[in-house]
>>> print(open('model_0.csv').read())   # CSV, C-alpha atoms
chain,number,residue,atom,x,y,z
S,21,MET,CA,-59.7,23.5,10.7
S,22,LYS,CA,-57.8,23.0,7.5
S,23,ARG,CA,-57.6,26.7,7.0
S,24,TYR,CA,-56.2,27.1,10.5
S,25,ILE,CA,-53.5,24.5,9.9
S,26,PHE,CA,-52.6,26.1,6.6
S,27,GLU,CA,-52.3,29.5,8.2
S,28,ARG,CA,-50.1,28.2,11.0
S,29,LEU,CA,-47.8,26.5,8.5
S,30,LEU,CA,-47.5,29.6,6.4
S,31,ALA,CA,-46.6,31.6,9.5
S,32,VAL,CA,-43.9,29.2,10.5
S,33,CYS,CA,-42.5,29.3,6.9
S,34,VAL,CA,-42.5,33.0,6.8
S,35,GLY,CA,-40.9,33.2,10.3
S,36,LEU,CA,-38.1,30.8,9.2
S,37,CYS,CA,-37.4,32.8,6.1
S,38,VAL,CA,-37.2,36.0,8.0
S,39,ALA,CA,-34.9,34.4,10.6
S,40,GLN,CA,-32.6,33.0,7.8
S,41,ALA,CA,-32.5,36.3,6.1
S,42,SER,CA,-31.7,38.2,9.2
S,43,LEU,CA,-28.9,35.7,9.9
S,44,PHE,CA,-27.4,36.3,6.5
S,45,ALA,CA,-27.8,40.0,6.9
S,46,ALA,CA,-26.1,40.1,10.3
S,47,GLU,CA,-23.2,37.8,9.4
S,48,PRO,CA,-22.7,36.1,6.1
S,49,ILE,CA,-21.8,32.5,6.7
S,50,ALA,CA,-18.4,31.8,5.3
S,51,GLY,CA,-18.1,28.6,3.3
S,52,PRO,CA,-15.4,26.1,4.2
S,53,PRO,CA,-12.1,27.0,2.7
S,54,ALA,CA,-11.1,25.4,-0.6
S,55,GLY,CA,-8.4,22.8,-0.4
S,56,PRO,CA,-5.0,22.7,-2.1
S,57,THR,CA,-4.9,23.0,-5.9
S,58,ALA,CA,-1.6,21.2,-6.3
S,59,TRP,CA,-0.1,18.1,-4.8
S,60,THR,CA,3.5,18.0,-3.7
S,61,ILE,CA,5.4,15.2,-2.2
S,62,LEU,CA,5.3,15.5,1.6
S,63,GLU,CA,8.6,16.3,3.2
S,64,PRO,CA,9.7,14.0,6.0
S,65,THR,CA,8.4,14.8,9.4
S,66,PRO,CA,11.0,15.8,12.1
S,67,GLU,CA,10.9,12.3,13.5
S,68,GLU,CA,11.5,10.8,10.1
S,69,GLN,CA,14.3,13.2,9.4
S,70,ALA,CA,16.1,12.0,12.5
S,71,GLU,CA,15.6,8.5,11.5
S,72,LEU,CA,16.8,9.2,7.9
S,73,LEU,CA,20.1,10.3,9.3
S,74,LEU,CA,20.8,6.7,10.3
S,75,GLU,CA,22.2,4.4,7.8
S,76,ARG,CA,19.7,2.3,5.9
S,77,THR,CA,20.2,-1.4,6.0
S,78,TRP,CA,18.5,-4.3,4.2
S,79,ARG,CA,18.7,-7.9,5.1
S,80,THR,CA,20.6,-10.1,2.8
S,81,LEU,CA,18.6,-12.8,1.0
S,82,ALA,CA,20.3,-15.5,3.0
S,83,LYS,CA,19.1,-14.0,6.3
S,84,ASP,CA,15.6,-12.9,5.3
S,85,ASP,CA,13.8,-15.9,6.7
S,86,LEU,CA,12.3,-16.6,3.3
S,87,HIS,CA,15.1,-17.7,1.1
S,88,ASP,CA,16.7,-21.1,1.7
S,89,PRO,CA,20.3,-20.2,2.7
S,90,ALA,CA,21.5,-23.4,1.1
S,91,GLY,CA,19.6,-22.9,-2.1
S,92,PRO,CA,21.6,-23.5,-5.2
S,93,GLY,CA,20.4,-20.3,-6.9
S,94,LEU,CA,20.9,-18.0,-4.0
S,95,ARG,CA,24.4,-16.7,-4.9
S,96,LEU,CA,23.1,-15.6,-8.3
S,97,LEU,CA,20.3,-13.5,-6.9
S,98,ILE,CA,20.8,-9.8,-6.1
S,99,ASN,CA,20.4,-8.5,-2.6
S,100,PRO,CA,17.9,-5.6,-1.9
S,101,GLY,CA,20.7,-3.5,-0.4
S,102,ALA,CA,22.8,-3.7,-3.5
S,103,GLU,CA,20.3,-1.6,-5.5
S,104,LEU,CA,17.9,0.1,-3.1
S,105,PHE,CA,20.6,2.2,-1.4
S,106,LYS,CA,20.8,4.4,-4.6
S,107,LEU,CA,17.2,5.5,-4.3
S,108,PRO,CA,15.7,8.4,-2.2
S,109,PRO,CA,15.4,7.3,1.4
S,110,ASP,CA,12.4,6.5,3.5
S,111,THR,CA,11.9,5.1,7.0
S,112,VAL,CA,9.4,2.4,6.1
S,113,GLY,CA,8.7,-0.4,3.6
S,114,ASN,CA,11.6,-0.9,1.3
S,115,LYS,CA,13.1,2.2,2.9
S,116,VAL,CA,12.7,3.9,-0.5
S,117,ARG,CA,10.5,6.8,-1.5
S,118,TRP,CA,9.3,5.2,-4.7
S,119,VAL,CA,7.3,8.1,-6.0
S,120,LYS,CA,10.2,10.4,-5.5
S,121,ALA,CA,12.5,7.9,-7.2
S,122,LEU,CA,10.3,7.9,-10.2
S,123,GLN,CA,9.7,11.7,-10.3
S,124,GLU,CA,13.4,12.5,-10.0
S,125,GLY,CA,14.4,10.0,-12.6
S,126,HIS,CA,16.4,7.7,-10.3
S,127,ILE,CA,14.5,4.9,-11.9
S,128,ASN,CA,12.8,4.7,-15.2
S,129,PRO,CA,10.6,1.6,-15.1
S,130,GLN,CA,9.1,0.5,-18.4
S,131,PRO,CA,5.4,1.4,-18.7
S,132,ARG,CA,4.6,-1.4,-21.2
S,133,LEU,CA,6.0,-4.5,-22.8
S,134,PHE,CA,4.0,-4.5,-26.0
S,135,SER,CA,4.1,-1.5,-28.3
S,136,THR,CA,0.4,-2.0,-29.0
S,137,THR,CA,-0.6,-1.3,-25.4
S,138,LYS,CA,-2.3,2.1,-25.1
S,139,LEU,CA,-0.9,4.1,-22.2
S,140,ASP,CA,-3.5,5.9,-20.2
S,141,GLU,CA,-1.4,7.8,-17.8
S,142,ASP,CA,-2.4,11.1,-19.4
S,143,VAL,CA,-6.1,10.5,-19.1
S,144,VAL,CA,-6.3,11.6,-15.5
S,145,GLU,CA,-4.7,14.9,-14.5
S,146,ASP,CA,-6.5,15.5,-11.3
S,147,ILE,CA,-6.1,15.5,-7.6
S,148,MET,CA,-9.1,14.7,-5.4
S,149,LEU,CA,-10.0,15.8,-2.0
S,150,THR,CA,-12.2,12.9,-1.0
S,151,LYS,CA,-15.6,13.4,0.6
S,152,MET,CA,-15.2,10.6,3.1
S,153,ASP,CA,-15.9,11.2,6.7
S,154,THR,CA,-12.5,10.9,8.2
S,155,GLY,CA,-13.5,11.6,11.8
S,156,ASP,CA,-10.9,13.4,13.8
S,157,LEU,CA,-8.2,12.9,11.1
S,158,PRO,CA,-7.5,15.3,8.3
S,159,ARG,CA,-9.1,14.7,5.0
S,160,VAL,CA,-7.6,12.4,2.4
S,161,LEU,CA,-6.0,14.1,-0.7
S,162,PHE,CA,-5.7,11.6,-3.5
S,163,PRO,CA,-3.2,12.3,-6.3
S,164,HIS,CA,-4.9,10.6,-9.2
S,165,LYS,CA,-2.3,11.4,-11.8
S,166,LEU,CA,0.5,10.1,-9.6
S,167,HIS,CA,-1.2,6.7,-9.3
S,168,SER,CA,-1.7,6.5,-13.0
S,169,GLU,CA,2.0,6.8,-13.6
S,170,TRP,CA,2.4,3.4,-11.9
S,171,LEU,CA,-1.0,1.8,-12.6
S,172,SER,CA,-3.4,1.7,-15.5
S,173,CYS,CA,-7.0,2.6,-15.1
S,174,LYS,CA,-8.1,-1.0,-15.4
S,175,ASP,CA,-6.1,-2.0,-12.4
S,176,CYS,CA,-8.4,-0.1,-10.0
S,177,HIS,CA,-11.5,0.6,-12.0
S,178,ASP,CA,-14.1,-0.8,-11.5
S,179,ARG,CA,-12.7,-3.9,-9.7
S,180,ILE,CA,-11.5,-2.1,-6.6
S,181,PHE,CA,-12.9,1.4,-6.9
S,182,LYS,CA,-16.0,2.6,-8.7
S,183,THR,CA,-15.2,5.1,-11.4
S,184,LYS,CA,-17.6,7.7,-10.1
S,185,ALA,CA,-16.1,9.6,-7.1
S,186,GLY,CA,-17.8,9.0,-3.8
S,187,GLU,CA,-19.5,5.8,-4.7
S,188,THR,CA,-17.0,3.4,-3.2
S,189,PRO,CA,-17.8,2.5,0.4
S,190,ILE,CA,-14.3,2.9,1.7
S,191,THR,CA,-13.7,2.3,5.4
S,192,MET,CA,-10.4,2.3,7.3
S,193,LEU,CA,-11.2,-1.1,8.6
S,194,ALA,CA,-11.5,-2.5,5.1
S,195,ILE,CA,-8.3,-0.8,4.1
S,196,LEU,CA,-6.5,-2.4,7.1
S,197,GLU,CA,-7.8,-5.8,6.0
S,198,GLY,CA,-6.3,-5.3,2.6
S,199,GLU,CA,-9.2,-4.0,0.6
S,200,TYR,CA,-9.5,-0.7,-1.4
S,201,CYS,CA,-6.3,1.4,-0.8
S,202,GLY,CA,-5.1,-1.5,1.3
S,203,ARG,CA,-4.6,-3.7,-1.7
S,204,CYS,CA,-1.3,-1.9,-2.3
S,205,HIS,CA,-0.8,0.3,0.8
S,206,GLY,CA,0.5,-2.0,3.5
S,207,ALA,CA,1.5,-4.6,1.0
S,208,VAL,CA,3.7,-3.0,-1.6
S,209,ALA,CA,3.2,0.8,-1.5
S,210,PHE,CA,4.0,2.7,1.7
S,211,PRO,CA,2.5,1.1,4.8
S,212,LEU,CA,-0.6,2.1,6.7
S,213,THR,CA,1.5,3.2,9.7
S,214,LYS,CA,2.1,6.5,7.8
S,215,CYS,CA,-1.4,8.0,8.5
S,216,MET,CA,-0.6,11.5,7.6
S,217,ARG,CA,0.7,10.8,4.1
S,218,CYS,CA,-2.9,10.3,3.0
S,219,HIS,CA,-4.7,12.3,5.7
S,220,SER,CA,-3.0,15.5,4.8
S,221,VAL,CA,-5.6,18.3,4.4
S,222,PRO,CA,-7.4,20.1,7.3
S,223,HIS,CA,-10.8,18.6,8.0
S,224,GLU,CA,-12.7,21.9,7.5
S,225,THR,CA,-11.6,22.0,3.9
S,226,ARG,CA,-14.3,21.6,1.2
S,227,PRO,CA,-14.1,18.3,-0.8
S,228,HIS,CA,-13.3,19.0,-4.4
S,229,LEU,CA,-11.8,17.8,-7.5
S,230,VAL,CA,-9.0,19.8,-9.3
S,231,LYS,CA,-8.8,19.0,-12.9
S,232,GLY,CA,-5.4,19.5,-14.6
S,233,ALA,CA,-3.7,19.9,-11.2
S,234,ALA,CA,0.0,19.9,-11.2
S,235,VAL,CA,1.2,16.8,-9.5
S,236,ALA,CA,4.4,15.5,-10.7
S,237,PRO,CA,6.8,16.6,-13.4
S,238,ALA,CA,6.2,14.5,-16.5
S,239,THR,CA,8.4,11.5,-16.4
S,240,LYS,CA,10.3,10.4,-19.5
S,241,LYS,CA,8.0,9.2,-22.2
S,242,SER,CA,8.2,5.6,-23.1
S,243,LYS,CA,9.5,4.1,-26.3
K,5,MET,CA,8.5,-20.7,50.2
K,6,GLY,CA,9.0,-18.0,52.7
K,7,PHE,CA,10.4,-15.7,50.0
K,8,ASP,CA,7.3,-16.3,47.8
K,9,LEU,CA,5.0,-15.5,50.7
K,10,HIS,CA,7.0,-12.3,51.4
K,11,ILE,CA,6.6,-11.2,47.8
K,12,GLN,CA,2.9,-12.0,47.6
K,13,SER,CA,2.1,-10.1,50.7
K,14,ARG,CA,3.9,-7.0,49.4
K,15,CYS,CA,2.7,-6.9,45.8
K,16,ASN,CA,-0.1,-8.6,44.0
K,17,LEU,CA,1.6,-8.1,40.7
K,18,PHE,CA,3.9,-11.0,41.3
K,19,ARG,CA,1.0,-13.3,41.9
K,20,TYR,CA,-0.4,-12.7,38.4
K,21,LEU,CA,3.0,-12.5,36.7
K,22,PRO,CA,3.5,-16.2,35.9
K,23,GLY,CA,-0.1,-16.5,34.6
K,24,SER,CA,0.1,-13.4,32.5
K,25,ALA,CA,3.5,-14.4,31.1
K,26,ILE,CA,2.1,-17.8,30.0
K,27,LEU,CA,-0.9,-16.0,28.4
K,28,LEU,CA,1.5,-13.6,26.6
K,29,VAL,CA,3.5,-16.5,25.2
K,30,LEU,CA,0.3,-18.2,24.1
K,31,LEU,CA,-0.8,-15.0,22.4
K,32,MET,CA,2.5,-14.7,20.7
K,33,MET,CA,2.3,-18.2,19.4
K,34,LEU,CA,-1.2,-17.5,18.0
K,35,ALA,CA,0.0,-14.4,16.2
K,36,PRO,CA,1.5,-15.0,12.8
K,37,SER,CA,5.3,-15.5,13.0
K,38,SER,CA,7.0,-12.4,11.9
K,39,VAL,CA,9.3,-12.9,8.9
K,40,MET,CA,12.1,-10.4,8.3
K,41,ALA,CA,11.6,-10.5,4.5
K,42,GLU,CA,12.0,-7.5,2.3
K,43,TYR,CA,8.8,-5.4,2.1
K,44,ALA,CA,6.3,-6.8,-0.5
K,45,ASP,CA,8.1,-10.1,-1.2
K,46,VAL,CA,5.5,-12.6,-2.2
K,47,VAL,CA,5.7,-16.3,-1.4
K,48,LEU,CA,4.1,-18.6,-4.0
K,49,ASN,CA,3.5,-22.1,-2.6
K,50,LYS,CA,0.1,-23.2,-3.8
K,51,ARG,CA,1.6,-25.9,-5.9
K,52,ALA,CA,5.4,-25.8,-5.6
K,53,GLU,CA,5.9,-27.9,-2.5
K,54,LYS,CA,3.2,-30.4,-3.4
K,55,ALA,CA,5.1,-30.9,-6.6
K,56,GLY,CA,8.3,-31.5,-4.7
K,57,ILE,CA,10.1,-28.2,-5.3
K,58,SER,CA,10.9,-25.2,-3.1
K,59,PRO,CA,8.4,-22.3,-3.0
K,60,VAL,CA,8.9,-19.3,-5.2
K,61,ILE,CA,9.9,-15.9,-3.7
K,62,PHE,CA,8.8,-13.0,-5.9
K,63,PRO,CA,10.7,-9.7,-5.0
K,64,HIS,CA,8.4,-6.8,-5.8
K,65,TRP,CA,11.2,-4.3,-5.2
K,66,PHE,CA,13.4,-5.7,-7.9
K,67,HIS,CA,10.6,-5.8,-10.5
K,68,ARG,CA,9.2,-2.3,-9.8
K,69,MET,CA,12.6,-0.7,-10.3
K,70,ARG,CA,12.4,-2.0,-13.9
K,71,PHE,CA,8.7,-2.2,-14.7
K,72,ARG,CA,5.7,-0.1,-13.6
K,73,CYS,CA,2.9,-2.0,-11.8
K,74,LYS,CA,0.7,-1.8,-14.9
K,75,VAL,CA,3.0,-4.0,-17.0
K,76,CYS,CA,2.4,-7.1,-14.9
K,77,HIS,CA,-1.0,-6.2,-13.4
K,78,THR,CA,-2.6,-5.2,-16.7
K,79,GLU,CA,-0.6,-6.5,-19.7
K,80,LEU,CA,0.5,-9.8,-18.1
K,81,GLY,CA,-2.8,-10.3,-16.3
K,82,PHE,CA,-1.7,-10.7,-12.7
K,83,GLU,CA,-4.5,-10.0,-10.3
K,84,MET,CA,-3.6,-7.5,-7.5
K,85,SER,CA,-4.3,-10.0,-4.8
K,86,ALA,CA,-1.8,-12.6,-3.6
K,87,GLY,CA,-3.2,-16.1,-4.2
K,88,ALA,CA,-5.7,-15.0,-6.9
K,89,ASN,CA,-3.4,-15.9,-9.7
K,90,ASN,CA,-3.9,-19.5,-10.5
K,91,MET,CA,-0.9,-20.1,-12.8
K,92,THR,CA,0.9,-23.4,-13.3
K,93,MET,CA,4.4,-24.1,-14.4
K,94,ALA,CA,3.0,-25.2,-17.8
K,95,ASP,CA,1.5,-21.7,-18.3
K,96,ILE,CA,4.9,-20.1,-17.6
K,97,ILE,CA,6.7,-22.4,-20.1
K,98,ASP,CA,3.9,-21.6,-22.6
K,99,GLY,CA,4.9,-18.0,-22.3
K,100,LYS,CA,2.1,-16.8,-20.0
K,101,PHE,CA,2.3,-14.9,-16.7
K,102,CYS,CA,6.0,-14.9,-15.6
K,103,GLY,CA,6.9,-16.6,-18.8
K,104,ILE,CA,6.2,-13.5,-20.9
K,105,CYS,CA,9.5,-12.1,-19.7
K,106,HIS,CA,11.2,-15.2,-18.1
K,107,ASN,CA,11.8,-16.8,-21.5
K,108,GLY,CA,15.6,-16.5,-21.8
K,109,LYS,CA,15.2,-13.2,-23.8
K,110,ILE,CA,14.1,-10.5,-21.4
K,111,ALA,CA,14.9,-12.4,-18.2
K,112,TRP,CA,16.2,-15.9,-17.4
K,113,GLY,CA,14.2,-18.8,-18.8
K,114,PRO,CA,12.2,-21.4,-16.9
K,115,GLN,CA,14.9,-23.9,-17.0
K,116,ASN,CA,16.7,-22.0,-14.2
K,117,CYS,CA,14.4,-23.6,-11.6
K,118,PHE,CA,16.2,-22.6,-8.5
K,119,LEU,CA,16.5,-18.9,-9.3
K,120,CYS,CA,12.8,-18.5,-8.6
K,121,HIS,CA,12.2,-21.6,-6.5
K,122,SER,CA,14.5,-20.3,-3.9
K,123,GLY,CA,12.3,-20.3,-0.7
K,124,LYS,CA,12.5,-22.3,2.5
K,125,ARG,CA,10.3,-25.4,2.7
K,126,GLY,CA,7.1,-25.0,4.6
K,127,LEU,CA,6.5,-21.3,3.8
K,128,GLU,CA,2.9,-20.2,3.6
K,129,SER,CA,1.7,-18.4,0.4
K,130,GLY,CA,1.1,-14.7,0.5
K,131,ILE,CA,2.6,-11.2,0.7
K,132,GLN,CA,5.2,-10.5,3.3
K,133,GLY,CA,5.2,-7.1,5.0
K,134,GLY,CA,8.7,-6.9,6.2
K,135,GLU,CA,9.6,-5.2,9.4
K,136,VAL,CA,6.8,-2.6,9.6
K,137,THR,CA,3.6,-4.5,9.1
K,138,GLY,CA,2.7,-8.1,8.7
K,139,GLY,CA,0.9,-7.3,5.4
K,140,PRO,CA,-2.8,-6.8,4.7
K,141,GLY,CA,-5.1,-8.1,7.4
K,142,ARG,CA,-2.2,-8.8,9.8
K,143,TRP,CA,-1.9,-5.9,12.3
>>> encode(input="model_0.csv", output="structure tokens")
Amino acid sequence: MKRYIFERLLAVCVGLCVAQASLFAAEPIAGPPAGPTAWTILEPTPEEQAELLLERTWRTLAKDDLHDPAGPGLRLLINPGAELFKLPPDTVGNKVRWVKALQEGHINPQPRLFSTTKLDEDVVEDIMLTKMDTGDLPRVLFPHKLHSEWLSCKDCHDRIFKTKAGETPITMLAILEGEYCGRCHGAVAFPLTKCMRCHSVPHETRPHLVKGAAVAPATKKSK
Amino acid sequence: MGFDLHIQSRCNLFRYLPGSAILLVLLMMLAPSSVMAEYADVVLNKRAEKAGISPVIFPHWFHRMRFRCKVCHTELGFEMSAGANNMTMADIIDGKFCGICHNGKIAWGPQNCFLCHSGKRGLESGIQGGEVTGGPGRW
């Protein structure tokens, strides 16, 4: 009986191998295409372009529903519109493309206060096409280097994201609730209504990590 | 009365209209009131109003034009979560948190109360999303 089972199993295995081999011989299965090897700032969509033609406006502090219009310090404070109009336009958030503003040198925010602080912006040079299952949406391309220009490693790792790629259980629901990417996106970085700025790579593309990928031109070194 | 009956007989929609309007108004009252603040403004009112002073409005936009996120969120020790930073005015005067810059040297000092404590009374603490979203968890 044992011998009979063994023989049957062997036959099945051999059969499977032959079937596999013939499949390969007939038509080699092409692997999914590799994703992009560089990250570039996404150009505005046609709808955004139409909106960008309109003049940007910002509420004055006295009319923003937060500041007390009768407050004694209000006249000394600067209105958002007095400074933000100089920066590259966007349709959402502060109506400013902050990354572009930094890349193109419209602003040069200080990266540190104390000269003893070690800057770690050169540690990460990669872009990551994440492994997450994004359902019907395109995959998420994460420009690591670009985030490190604004943030230090410690801000995200390991408190919000685990250092090892693919180990953080990110879900869109959690992001919408203000966790993971939602800590900043939707609060201070561009809002979550701009789906395609993150979901930017065709779904069929193979997840990968590109070391040393060109992301942004190096910004001015700090003092 | 006759007019009402006439409408009702012609279209059921009108029968449900007052009810649905009331429901809609109730739902709108339940939803957080939308504030037209600048994107990413933070209201700090954990202690301010209890201590008898207006809440603090922190403008992210102004600070990020001059300092990268890492300056405050790493060097100064601000947690990246509104409400998670348990600082007191005493800390700030001692040169911690805001007081690292707001010391009269880099930025105005803590004696200029109403430049920071500039909010309306009764505001709730938290991040304000501006005109696009209501901020994290408020969709």
>>> closest_residue(input="model_0.csv", among="S:Val143, S:Ala70, S:Val160, S:Leu97", to="chain K", atoms="all atoms listed in the file")
S:Leu97
>>> residues_around(input="model_0.csv", residues="region 75-82 of chain K", least_positions_apart="5", cutoff="8 Å", atoms="only C-alpha atoms", output="PyMOL selection string")
(chain S and resi 130-133+137+172+174-175) or (chain K and resi 89+100-102+104)
>>> residues_around(input="model_0.csv", residues="Ala194 (chain S)", least_positions_apart="4", cutoff="12 Å", atoms="all atoms listed in the file", output="PyMOL selection string")
(chain S and resi 180+188-190+198-203+205+212) or (chain K and resi 140-141)
>>> atom_distance(input="model_0.csv", atom1="CA of Phe162 (chain S)", atom2="CA of Thr225 (chain S)")
14.1 Å
>>> residues_near_point(input="model_0.csv", point="(13.1, -6.7, -3.4)", cutoff="6 Å", atoms="all atoms listed in the file", output="JSON, numbers by chain")
{"S": [100], "K": [42, 63, 64, 65, 66]}
>>> residues_near_point(input="model_0.csv", point="(-1.4, -21.6, -12.9)", cutoff="12 Å", atoms="all atoms listed in the file", output="list in words")
Leu48, Asn49, Lys50, Arg51, Ala52, Gly81, Phe82, Gly87, Ala88, Asn89, Asn90, Met91, Thr92, Met93, Ala94, Asp95, Ile96, Ile97, Asp98, Gly99, Lys100, Phe101, Cys102 and Gly103 of chain K
>>> atom_distance(input="model_0.csv", atom1="CA of Ile98 (chain S)", atom2="CA of Gly125 (chain S)")
21.8 Å
>>> atom_distance(input="model_0.csv", atom1="CA of Ile127 (chain S)", atom2="CA of Gly113 (chain K)")
24.7 Å
>>> closest_residue(input="model_0.csv", among="K:Val60, K:Lys124, K:Gln115, K:Lys109", to="chain S", atoms="only C-alpha atoms")
K:Lys124
>>> residues_around(input="model_0.csv", residues="Pro108 (chain S)", least_positions_apart="4", cutoff="12 Å", atoms="all atoms listed in the file", output="number ranges by chain")
S: 63-64, 72, 76, 103-104, 114-127
>>> closest_residue(input="model_0.csv", among="S:Asn128, S:Gln69, S:Ser220, S:Ser135", to="chain K", atoms="all atoms listed in the file")
S:Asn128
>>> closest_residue(input="model_0.csv", among="K:Ser58, K:Glu128, K:Phe71, K:Ala111", to="chain S", atoms="only C-alpha atoms")
K:Phe71
>>> closest_residue(input="model_0.csv", among="K:Cys105, K:Val46, K:Ile57, K:Cys73", to="chain S", atoms="all atoms listed in the file")
K:Cys73
>>> closest_residue(input="model_0.csv", among="K:Gly56, K:Ala86, K:Val47, K:Gly123", to="chain S", atoms="all atoms listed in the file")
K:Gly123
